[in-house]
>>> print(open('protein_30.txt').read())   # compact mmCIF, C-alpha atoms
# COMPACT_ATOMS: atom_id res chain seq x y z
CA MET N 6 -18.55 -56.67 -143.57
CA ASN N 7 -18.37 -59.76 -141.33
CA THR N 8 -21.49 -61.72 -140.59
CA PRO N 9 -22.14 -62.98 -137.06
CA ASN N 10 -21.03 -66.45 -138.18
CA ASN N 11 -17.82 -65.02 -139.59
CA GLU N 12 -17.21 -63.13 -136.36
CA LYS N 13 -17.74 -66.33 -134.38
CA LYS N 14 -15.39 -68.23 -136.70
CA THR N 15 -12.76 -65.50 -136.32
CA THR N 16 -12.99 -65.71 -132.53
CA VAL N 17 -12.68 -69.51 -132.56
CA ASP N 18 -9.72 -69.35 -134.97
CA TYR N 19 -8.05 -66.79 -132.72
CA GLU N 20 -8.57 -68.94 -129.61
CA ASN N 21 -7.28 -72.02 -131.44
CA LYS N 22 -4.19 -70.13 -132.57
CA ILE N 23 -3.50 -68.85 -129.06
CA ALA N 24 -4.16 -72.30 -127.59
CA GLU N 25 -1.32 -73.70 -129.67
CA SER N 26 1.11 -71.59 -127.65
CA PHE N 27 0.07 -73.19 -124.35
CA VAL N 28 2.43 -76.04 -123.58
CA THR N 29 0.79 -78.11 -120.82
CA SER N 30 2.27 -81.57 -121.33
CA ASP N 31 3.48 -83.03 -118.02
CA LYS N 32 2.96 -79.74 -116.20
CA VAL N 33 2.25 -79.11 -112.53
CA PHE N 34 -0.35 -76.46 -111.70
CA TYR N 35 -0.04 -74.59 -108.40
CA PHE N 36 -2.98 -72.81 -106.75
CA ALA N 37 -3.04 -69.42 -105.03
CA LYS N 38 -5.50 -66.81 -103.81
CA ILE N 39 -5.44 -63.19 -105.03
CA ASN N 40 -6.33 -60.80 -102.20
CA ILE N 41 -6.94 -57.05 -102.33
CA HIS N 42 -4.60 -55.66 -99.67
CA GLY N 43 -3.86 -51.93 -99.94
CA ASN N 44 -7.49 -51.02 -100.61
CA ILE N 45 -9.10 -53.70 -98.43
CA PHE N 46 -11.25 -51.14 -96.57
CA GLN N 47 -12.49 -49.28 -99.66
CA PRO N 48 -16.31 -49.13 -100.08
CA ASN N 49 -16.09 -50.34 -103.71
CA LEU N 50 -14.23 -53.52 -102.77
CA GLU N 51 -16.59 -55.84 -104.67
CA GLU N 52 -15.98 -53.85 -107.84
CA LEU N 53 -12.21 -54.02 -107.30
CA ILE N 54 -12.37 -57.81 -106.97
CA HIS N 55 -14.85 -58.73 -109.69
CA THR N 56 -14.26 -55.99 -112.27
CA GLU N 57 -10.94 -54.25 -111.82
CA ILE N 58 -8.63 -57.24 -111.24
CA PRO N 59 -9.87 -58.97 -114.44
CA ARG N 60 -9.50 -55.64 -116.29
CA VAL N 61 -5.87 -55.34 -115.25
CA ILE N 62 -5.07 -58.93 -116.19
CA GLU N 63 -6.54 -58.29 -119.63
CA SER N 64 -4.85 -54.92 -120.20
CA ALA N 65 -1.93 -54.49 -117.77
CA LYS N 66 1.02 -52.34 -118.76
CA ASP N 67 4.33 -54.13 -119.23
CA ILE N 68 6.94 -53.68 -116.50
CA LYS N 69 10.55 -53.09 -117.51
CA LEU N 70 13.06 -54.88 -115.31
CA LYS N 71 16.81 -54.34 -115.46
CA HIS N 72 17.41 -56.89 -118.22
CA SER N 73 13.94 -58.00 -119.31
CA THR N 74 10.23 -57.19 -119.50
CA ILE N 75 7.37 -58.89 -117.64
CA SER N 76 3.84 -58.86 -119.03
CA PHE N 77 0.54 -60.69 -119.37
CA THR N 78 0.26 -62.21 -122.86
CA ASP N 79 -2.05 -64.43 -124.95
CA ILE N 80 -5.07 -63.49 -122.83
CA ILE N 81 -8.44 -65.20 -123.41
CA ARG N 82 -11.64 -64.89 -121.36
CA LYS N 83 -13.90 -67.93 -121.66
CA GLU N 84 -16.57 -70.04 -119.93
CA VAL N 85 -15.45 -73.39 -118.51
CA ASN N 86 -17.85 -75.62 -116.55
CA ASN N 87 -20.22 -72.65 -116.08
CA ARG N 88 -17.40 -70.55 -114.63
CA THR N 89 -15.79 -67.46 -116.14
CA VAL N 90 -12.02 -67.76 -116.37
CA ILE N 91 -9.13 -65.80 -117.82
CA VAL N 92 -6.44 -67.92 -119.43
CA GLY N 93 -3.08 -66.51 -120.41
CA HIS N 94 0.65 -66.38 -119.91
CA LEU N 95 2.89 -64.57 -117.49
CA THR N 96 5.80 -63.75 -119.79
CA ASN N 97 9.35 -62.64 -119.08
CA SER N 98 10.97 -61.53 -122.34
CA LYS N 99 14.13 -59.90 -123.63
CA LYS N 100 16.16 -59.49 -126.77
CA GLU N 101 19.01 -61.96 -126.91
CA LYS N 102 22.07 -62.65 -128.98
CA LEU N 103 21.70 -66.03 -130.66
CA ARG N 104 23.92 -68.02 -133.00
CA PHE N 105 22.51 -68.44 -136.51
CA LYS N 106 23.61 -70.62 -139.42
CA ASN N 107 24.18 -69.34 -142.97
CA GLY N 108 25.39 -72.05 -145.28
CA ALA N 109 28.68 -73.41 -143.95
CA ASN N 110 29.13 -70.54 -141.50
CA THR N 111 27.54 -69.40 -138.25
CA PHE N 112 27.26 -65.94 -136.77
CA VAL N 113 25.92 -64.27 -133.63
CA SER N 114 23.23 -61.61 -133.94
CA ASN N 115 20.52 -59.90 -131.91
CA THR N 116 17.03 -61.30 -132.40
CA ASP N 117 14.51 -59.06 -134.15
CA ASN N 118 11.85 -59.92 -131.54
CA GLU N 119 12.11 -60.44 -127.81
CA VAL N 120 12.66 -64.05 -126.77
CA ALA N 121 9.76 -65.01 -124.49
CA ASN N 122 9.73 -67.34 -121.51
CA SER N 123 6.08 -67.92 -120.56
CA ALA N 124 4.25 -69.68 -117.73
CA MET N 125 0.57 -70.52 -118.24
CA PHE N 126 -2.08 -69.34 -115.77
CA ILE N 127 -5.83 -69.72 -115.27
CA TYR N 128 -7.72 -67.19 -113.13
CA ASP N 129 -11.19 -68.12 -111.87
CA LEU N 130 -13.11 -64.86 -111.45
CA GLY N 131 -15.72 -66.25 -109.06
CA SER N 132 -13.34 -67.71 -106.48
CA GLU N 133 -10.35 -65.38 -107.03
CA ILE N 134 -8.21 -68.54 -107.32
CA LEU N 135 -5.16 -68.36 -109.57
CA SER N 136 -3.70 -71.60 -110.94
CA PHE N 137 -0.38 -71.51 -112.75
CA THR N 138 2.57 -73.48 -114.06
CA THR N 139 6.29 -72.74 -113.88
CA THR N 140 9.22 -72.91 -116.27
CA THR N 141 12.96 -73.41 -115.91
CA LYS N 142 13.30 -69.61 -115.79
CA ILE N 143 10.13 -68.71 -113.84
CA ASN N 144 9.82 -70.61 -110.55
CA VAL N 145 6.90 -70.48 -108.10
CA GLN N 146 8.14 -67.51 -106.09
CA GLN N 147 9.13 -65.54 -109.21
CA PHE N 148 5.72 -66.15 -110.75
CA ILE N 149 3.96 -64.81 -107.65
CA LYS N 150 6.34 -61.82 -107.46
CA TYR N 151 5.84 -60.88 -111.13
CA PHE N 152 2.05 -61.43 -111.08
CA THR N 153 1.76 -59.34 -107.92
CA SER N 154 3.78 -56.51 -109.47
CA LEU N 155 1.69 -56.44 -112.66
CA LEU N 156 -1.57 -56.20 -110.69
CA SER N 157 -0.35 -53.84 -107.96
CA GLN N 158 0.97 -51.23 -110.40
CA ASP N 159 -2.64 -50.29 -111.23
CA GLU N 160 -3.73 -47.32 -109.10
CA VAL N 161 -7.36 -48.45 -108.94
CA VAL N 162 -6.61 -52.01 -107.79
CA GLY N 163 -3.73 -50.99 -105.52
CA GLU N 164 -1.50 -53.42 -103.68
CA VAL N 165 -2.51 -57.09 -103.84
CA VAL N 166 -1.16 -60.08 -101.95
CA ILE N 167 -1.04 -63.53 -103.55
CA LYS N 168 -0.81 -66.50 -101.18
CA LEU N 169 -0.28 -70.12 -102.18
CA ILE N 170 -2.98 -72.52 -101.03
CA PRO N 171 -1.36 -75.28 -98.94
CA GLU N 172 -2.31 -78.93 -98.64
CA GLU N 173 -4.75 -78.94 -95.75
CA TYR N 174 -4.03 -82.48 -94.61
CA ASP N 175 -0.33 -81.65 -94.27
CA ILE N 176 -1.01 -78.94 -91.69
CA ILE N 177 -3.24 -81.07 -89.48
CA GLU N 178 -1.14 -84.21 -89.82
CA GLU N 179 2.15 -82.39 -89.24
CA ILE N 180 0.82 -80.77 -86.07
CA LYS N 181 -0.58 -84.05 -84.75
CA ALA N 182 2.69 -85.85 -85.52
CA ILE N 183 4.62 -83.66 -83.05
CA ASP N 184 4.56 -84.89 -79.44
CA LYS N 185 5.43 -81.56 -77.81
CA ILE N 186 4.77 -78.35 -79.76
CA THR N 187 7.03 -75.58 -78.48
CA PHE N 188 6.36 -72.85 -81.06
CA LEU N 189 3.38 -71.97 -83.23
CA LYS N 190 3.15 -68.89 -85.45
CA PHE N 191 0.43 -67.58 -87.78
CA SER N 192 1.11 -64.88 -90.40
CA LEU N 193 -2.30 -63.83 -91.71
CA ILE N 194 -3.64 -61.20 -94.10
CA HIS N 195 -7.06 -59.57 -94.08
CA PRO N 196 -9.62 -61.63 -96.08
CA ASN N 197 -11.91 -59.91 -98.54
CA PRO N 198 -15.23 -58.90 -96.91
CA GLY N 199 -18.06 -61.20 -97.83
CA LYS N 200 -15.98 -64.31 -97.21
CA ARG N 201 -16.78 -66.36 -94.11
CA HIS N 202 -13.18 -65.88 -92.93
CA TYR N 203 -13.69 -62.11 -92.68
CA ASN N 204 -15.49 -62.31 -89.32
CA MET N 205 -13.03 -64.95 -88.13
CA TYR N 206 -10.12 -62.61 -88.80
CA LYS N 207 -11.88 -59.70 -87.10
CA LYS N 208 -12.42 -61.85 -84.03
CA MET N 209 -8.76 -62.87 -83.90
CA VAL N 210 -7.45 -59.30 -84.12
CA LYS N 211 -10.16 -57.91 -81.81
CA GLU N 212 -11.56 -55.35 -84.23
CA THR N 213 -8.24 -53.51 -84.76
CA SER N 214 -8.82 -53.30 -88.56
CA SER N 215 -5.24 -54.38 -89.27
CA LYS N 216 -4.35 -55.56 -92.78
CA GLU N 217 -1.82 -58.09 -91.53
CA MET N 218 -1.38 -60.03 -88.34
CA GLU N 219 1.39 -62.12 -86.84
CA ILE N 220 0.54 -64.10 -83.74
CA SER N 221 2.88 -66.59 -82.11
CA PHE N 222 2.63 -68.96 -79.16
CA LYS N 223 5.68 -70.33 -77.35
CA ASP N 224 6.46 -72.64 -74.45
CA GLU N 225 9.86 -74.33 -74.67
CA LYS N 226 9.58 -76.07 -71.29
CA ASP N 227 6.17 -77.73 -71.11
CA GLY N 228 4.89 -77.37 -74.67
CA LEU N 229 1.70 -75.70 -75.88
CA LYS N 230 -1.72 -77.01 -74.95
CA ILE N 231 -3.53 -77.01 -78.31
CA GLY N 232 -5.19 -80.43 -78.25
CA ASN N 233 -3.00 -81.99 -80.92
CA ASP N 234 -3.17 -85.32 -79.09
CA GLU N 235 -6.92 -85.51 -79.79
CA GLU N 236 -8.69 -86.69 -82.95
CA THR N 237 -9.03 -83.06 -84.09
CA ILE N 238 -7.14 -79.95 -82.99
CA GLY N 239 -8.90 -78.93 -79.79
CA ASN N 240 -7.92 -75.25 -79.60
CA GLU N 241 -10.46 -72.93 -81.27
CA THR N 242 -7.99 -70.12 -82.01
CA VAL N 243 -5.53 -72.55 -83.60
CA ASN N 244 -8.35 -74.12 -85.63
CA ASP N 245 -9.44 -70.67 -86.87
CA GLY N 246 -5.88 -69.89 -87.91
CA ILE N 247 -5.45 -73.21 -89.70
CA GLU N 248 -8.71 -72.71 -91.60
CA MET N 249 -7.59 -69.28 -92.79
CA VAL N 250 -4.21 -70.65 -93.92
CA GLN N 251 -5.93 -73.49 -95.78
CA SER N 252 -8.06 -70.93 -97.61
CA GLY N 253 -5.08 -68.92 -98.83
CA TYR N 254 -5.03 -66.11 -96.27
CA GLY N 255 -1.66 -66.74 -94.67
CA GLU N 256 0.98 -69.15 -93.44
CA ILE N 257 1.69 -71.26 -90.37
CA GLU N 258 5.02 -72.26 -88.84
CA VAL N 259 5.30 -75.02 -86.24
CA ARG N 260 8.27 -76.26 -84.20
CA GLY N 261 8.45 -78.96 -81.57
CA GLU N 262 9.94 -82.19 -80.30
CA ASN N 263 9.31 -85.90 -80.46
CA ILE N 264 10.59 -87.84 -77.46
CA SER N 265 11.48 -91.53 -77.38
CA TYR N 266 13.46 -93.87 -75.15
CA VAL N 267 15.96 -96.46 -76.34
CA GLU N 268 17.75 -99.15 -74.40
CA SER N 269 21.34 -98.39 -73.49
CA GLY N 270 24.03 -100.37 -71.69
CA LYS N 271 24.74 -104.06 -72.08
CA LYS N 272 24.74 -105.16 -68.44
CA ARG N 273 22.03 -102.96 -67.00
CA LYS N 274 18.73 -102.47 -68.73
CA THR N 275 18.55 -98.70 -68.82
CA LYS N 276 16.81 -96.38 -71.21
CA ARG N 277 18.18 -93.25 -72.80
CA LYS N 278 15.96 -90.31 -73.67
CA VAL N 279 16.15 -89.25 -77.30
CA VAL N 280 14.78 -85.88 -78.38
CA LYS N 281 14.18 -85.32 -82.10
CA ARG N 282 13.36 -81.79 -83.17
CA ARG N 283 10.63 -81.29 -85.76
CA LYS N 284 9.40 -78.31 -87.72
CA PHE N 285 6.85 -77.51 -90.39
CA ASN N 286 6.08 -74.47 -92.54
CA SER N 287 2.96 -74.36 -94.72
CA ARG N 288 4.77 -72.40 -97.45
CA ASN N 289 6.62 -75.62 -98.27
CA SER N 290 3.41 -77.63 -98.68
CA ASN N 291 1.46 -76.37 -101.68
CA LYS N 292 -1.69 -77.70 -103.28
CA LYS N 293 -0.92 -78.77 -106.84
CA LEU N 294 -2.24 -80.80 -109.75
CA SER N 295 -0.19 -82.76 -112.28
CA VAL N 296 -1.50 -82.59 -115.83
CA LYS N 297 -0.21 -85.20 -118.27
CA ASP N 298 -2.20 -84.19 -121.33
CA GLY N 299 -0.77 -82.17 -124.20
CA SER N 300 -4.12 -80.51 -125.01
CA SER N 301 -4.48 -77.06 -123.45
CA THR N 302 -8.29 -77.35 -123.58
CA LYS N 303 -8.30 -80.58 -121.56
CA ALA N 304 -5.75 -79.14 -119.15
CA ILE N 305 -7.95 -76.10 -118.48
CA ASP N 306 -10.98 -78.36 -117.94
CA LYS N 307 -9.01 -80.48 -115.44
CA VAL N 308 -7.79 -77.46 -113.51
CA ILE N 309 -11.25 -75.89 -113.20
CA ASP N 310 -12.75 -79.24 -112.24
CA PHE N 311 -10.09 -79.48 -109.49
CA VAL N 312 -10.98 -75.97 -108.25
CA ILE N 313 -14.69 -76.83 -108.10
CA LYS N 314 -14.18 -80.15 -106.32
CA TYR N 315 -11.46 -79.29 -103.84
CA LEU N 316 -11.07 -75.52 -103.39
CA LEU N 317 -14.55 -73.99 -103.30
>>> encode(input="protein_30.txt", output="structure tokens")
Amino acid sequence: MNTPNNEKKTTVDYENKIAESFVTSDKVFYFAKINIHGNIFQPNLEELIHTEIPRVIESAKDIKLKHSTISFTDIIRKEVNNRTVIVGHLTNSKKEKLRFKNGANTFVSNTDNEVANSAMFIYDLGSEILSFTTTTKINVQQFIKYFTSLLSQDEVVGEVVIKLIPEEYDIIEEIKAIDKITFLKFSLIHPNPGKRHYNMYKKMVKETSSKEMEISFKDEKDGLKIGNDEETIGNETVNDGIEMVQSGYGEIEVRGENISYVESGKKRKTKRKVVKRRKFNSRNSNKKLSVKDGSSTKAIDKVIDFVIKYLL
């Protein structure tokens, strides 16, 4: 029979063994927000967020794709900087034919076990923020697609939407860098109740209880009046939309023109109008953290410290 000390030692040994599988050297961590979507209006929403999503991450069923299997693997729940996190891998695996060597000869044979391609993730239960890495075979969009599928297959949790958190300064600076904004579009999802953005969203959709909203503004001739020539964006609706995008509840697309005049003609001093089209989409500007430390423990500490300092 194990003593408490032996049980503790077994747990530590297990975590150390799992930690060896996390390859974090020179990795880039991306940050996203997990949002309940299909069941957003359910009365037990808090339980879905704080209990059921972690349960699914820790015990989700594998999903069989056409040629491979996706799953959550190497899962550990632990306390980091007084925050509860789940650390693990999103794994895409399949049996492969590999070439083996036997003496002076080689031969091709199926592997006994599935060959795994795994991307590390860290889920902060308190903030619902998911940080993750990528691999040569699992890019950012594939990671989000697979993670979403694994969570959404659970009938209790229902459909979830995972949105990347963009660099906030990019949105403001890109908008202010355009002289004449001709098109502005927000694609927003319903925030979880209890968040300060919940009332903001309700105000923007005028109490229609929609789960998603697309709102666009357009003026090709004169340009939109949103106050982008001021120190801060002067339009309240635009500011509300930007704040929701920055918090992981949607995306923004901006198009416009920059106008300049250049001298033309050698004899007469005339000026020619030059119009340069500009565009920006928040999905191409993602918040990320480079980790250049081979220790998985230090990498996890750095990621959670980043979440606390810059995302809460």
>>> residues_around(input="protein_30.txt", residues="stretch 52-64 of chain N", least_positions_apart="6", cutoff="8 Å", atoms="all atoms listed in the file", output="ChimeraX atom specification")
/N:41,77,80,91,130-131,133,156,159,161-162
>>> atom_distance(input="protein_30.txt", atom1="atom CA of N:Lys32", atom2="atom CA of N:Gln146")
16.7 Å
>>> closest_residue(input="protein_30.txt", among="N:Glu160, N:Glu225, N:Gly255, N:Pro171", to="N:His202", atoms="all atoms listed in the file")
N:Gly255
>>> closest_residue(input="protein_30.txt", among="N:Lys208, N:Lys102, N:Arg88, N:Lys223", to="N:Thr242", atoms="all atoms listed in the file")
N:Lys208
>>> closest_atom_pairs(input="protein_30.txt", of="stretch 96-155 of chain N", to="stretch 283-296 of chain N", cutoff="10 Å", atoms="all atoms listed in the file", output="tab-separated table")
residue	atom	partner	partner_atom	distance
N:Ser136	CA	N:Lys293	CA	8.7
N:Phe137	CA	N:Lys293	CA	9.4
N:Thr138	CA	N:Lys293	CA	9.6
>>> write_last_selection(input="protein_30.txt", atoms="C-alpha atoms", output="PDB file, keeping the file's coordinate frame")
ATOM      1  CA  SER N 136      -3.700 -71.600-110.940  1.00  0.00           C
ATOM      2  CA  PHE N 137      -0.380 -71.510-112.750  1.00  0.00           C
ATOM      3  CA  THR N 138       2.570 -73.480-114.060  1.00  0.00           C
TER       4      THR N 138
END
>>> residues_around(input="protein_30.txt", residues="N:Gln251", least_positions_apart="3", cutoff="8 Å", atoms="all atoms listed in the file", output="list in words")
Ile170, Pro171, Glu172, Glu173, Ile247, Glu248 and Tyr254 of chain N
>>> closest_residue(input="protein_30.txt", among="N:Val165, N:Ile238, N:Ile134, N:Val279", to="N:Thr153", atoms="all atoms listed in the file")
N:Val165
>>> residues_around(input="protein_30.txt", residues="N:Lys181", least_positions_apart="3", cutoff="9 Å", atoms="all atoms listed in the file", output="VMD selection string")
chain N and resid 176 to 178 184 232 to 238
>>> write_last_selection(input="protein_30.txt", atoms="C-alpha atoms", output="short mmCIF file (atom, residue, chain, number, x, y, z; two decimals), in the frame of the given file")
data_model
loop_
_atom_site.label_atom_id
_atom_site.label_comp_id
_atom_site.auth_asym_id
_atom_site.auth_seq_id
_atom_site.Cartn_x
_atom_site.Cartn_y
_atom_site.Cartn_z
CA ILE N 176 -1.01 -78.94 -91.69
CA ILE N 177 -3.24 -81.07 -89.48
CA GLU N 178 -1.14 -84.21 -89.82
CA ASP N 184 4.56 -84.89 -79.44
CA GLY N 232 -5.19 -80.43 -78.25
CA ASN N 233 -3.00 -81.99 -80.92
CA ASP N 234 -3.17 -85.32 -79.09
CA GLU N 235 -6.92 -85.51 -79.79
CA GLU N 236 -8.69 -86.69 -82.95
CA THR N 237 -9.03 -83.06 -84.09
CA ILE N 238 -7.14 -79.95 -82.99
#
>>> residues_around(input="protein_30.txt", residues="N:Asp67", least_positions_apart="4", cutoff="9 Å", atoms="only C-alpha atoms", output="VMD selection string")
chain N and resid 74 to 77 155
>>> atom_distance(input="protein_30.txt", atom1="atom CA of N:Gly163", atom2="atom CA of N:Met249")
22.6 Å
>>> residues_around(input="protein_30.txt", residues="N:His72", least_positions_apart="4", cutoff="10 Å", atoms="all atoms listed in the file", output="list in words")
Asn97, Ser98, Lys99 and Lys100 of chain N
>>> atom_distance(input="protein_30.txt", atom1="atom CA of N:Lys307", atom2="atom CA of N:Met125")
14.1 Å
>>> axis_aligned_box(input="protein_30.txt", around="stretch 38-53 of chain N", padding_each_side="8 Å", output="lines of an AutoDock Vina configuration file")
center_x = -10.2
center_y = -58.0
center_z = -102.2
size_x = 28.7
size_y = 33.7
size_z = 27.3
>>> residues_near_point(input="protein_30.txt", point="(9.0, -91.2, -79.7)", cutoff="10 Å", atoms="only C-alpha atoms", output="VMD selection string")
chain N and resid 183 to 184 262 to 267 278 to 281
>>> residues_near_point(input="protein_30.txt", point="(-14.4, -77.4, -110.6)", cutoff="12 Å", atoms="all atoms listed in the file", output="ChimeraX atom specification")
/N:85-90,129,131-132,134,305-317
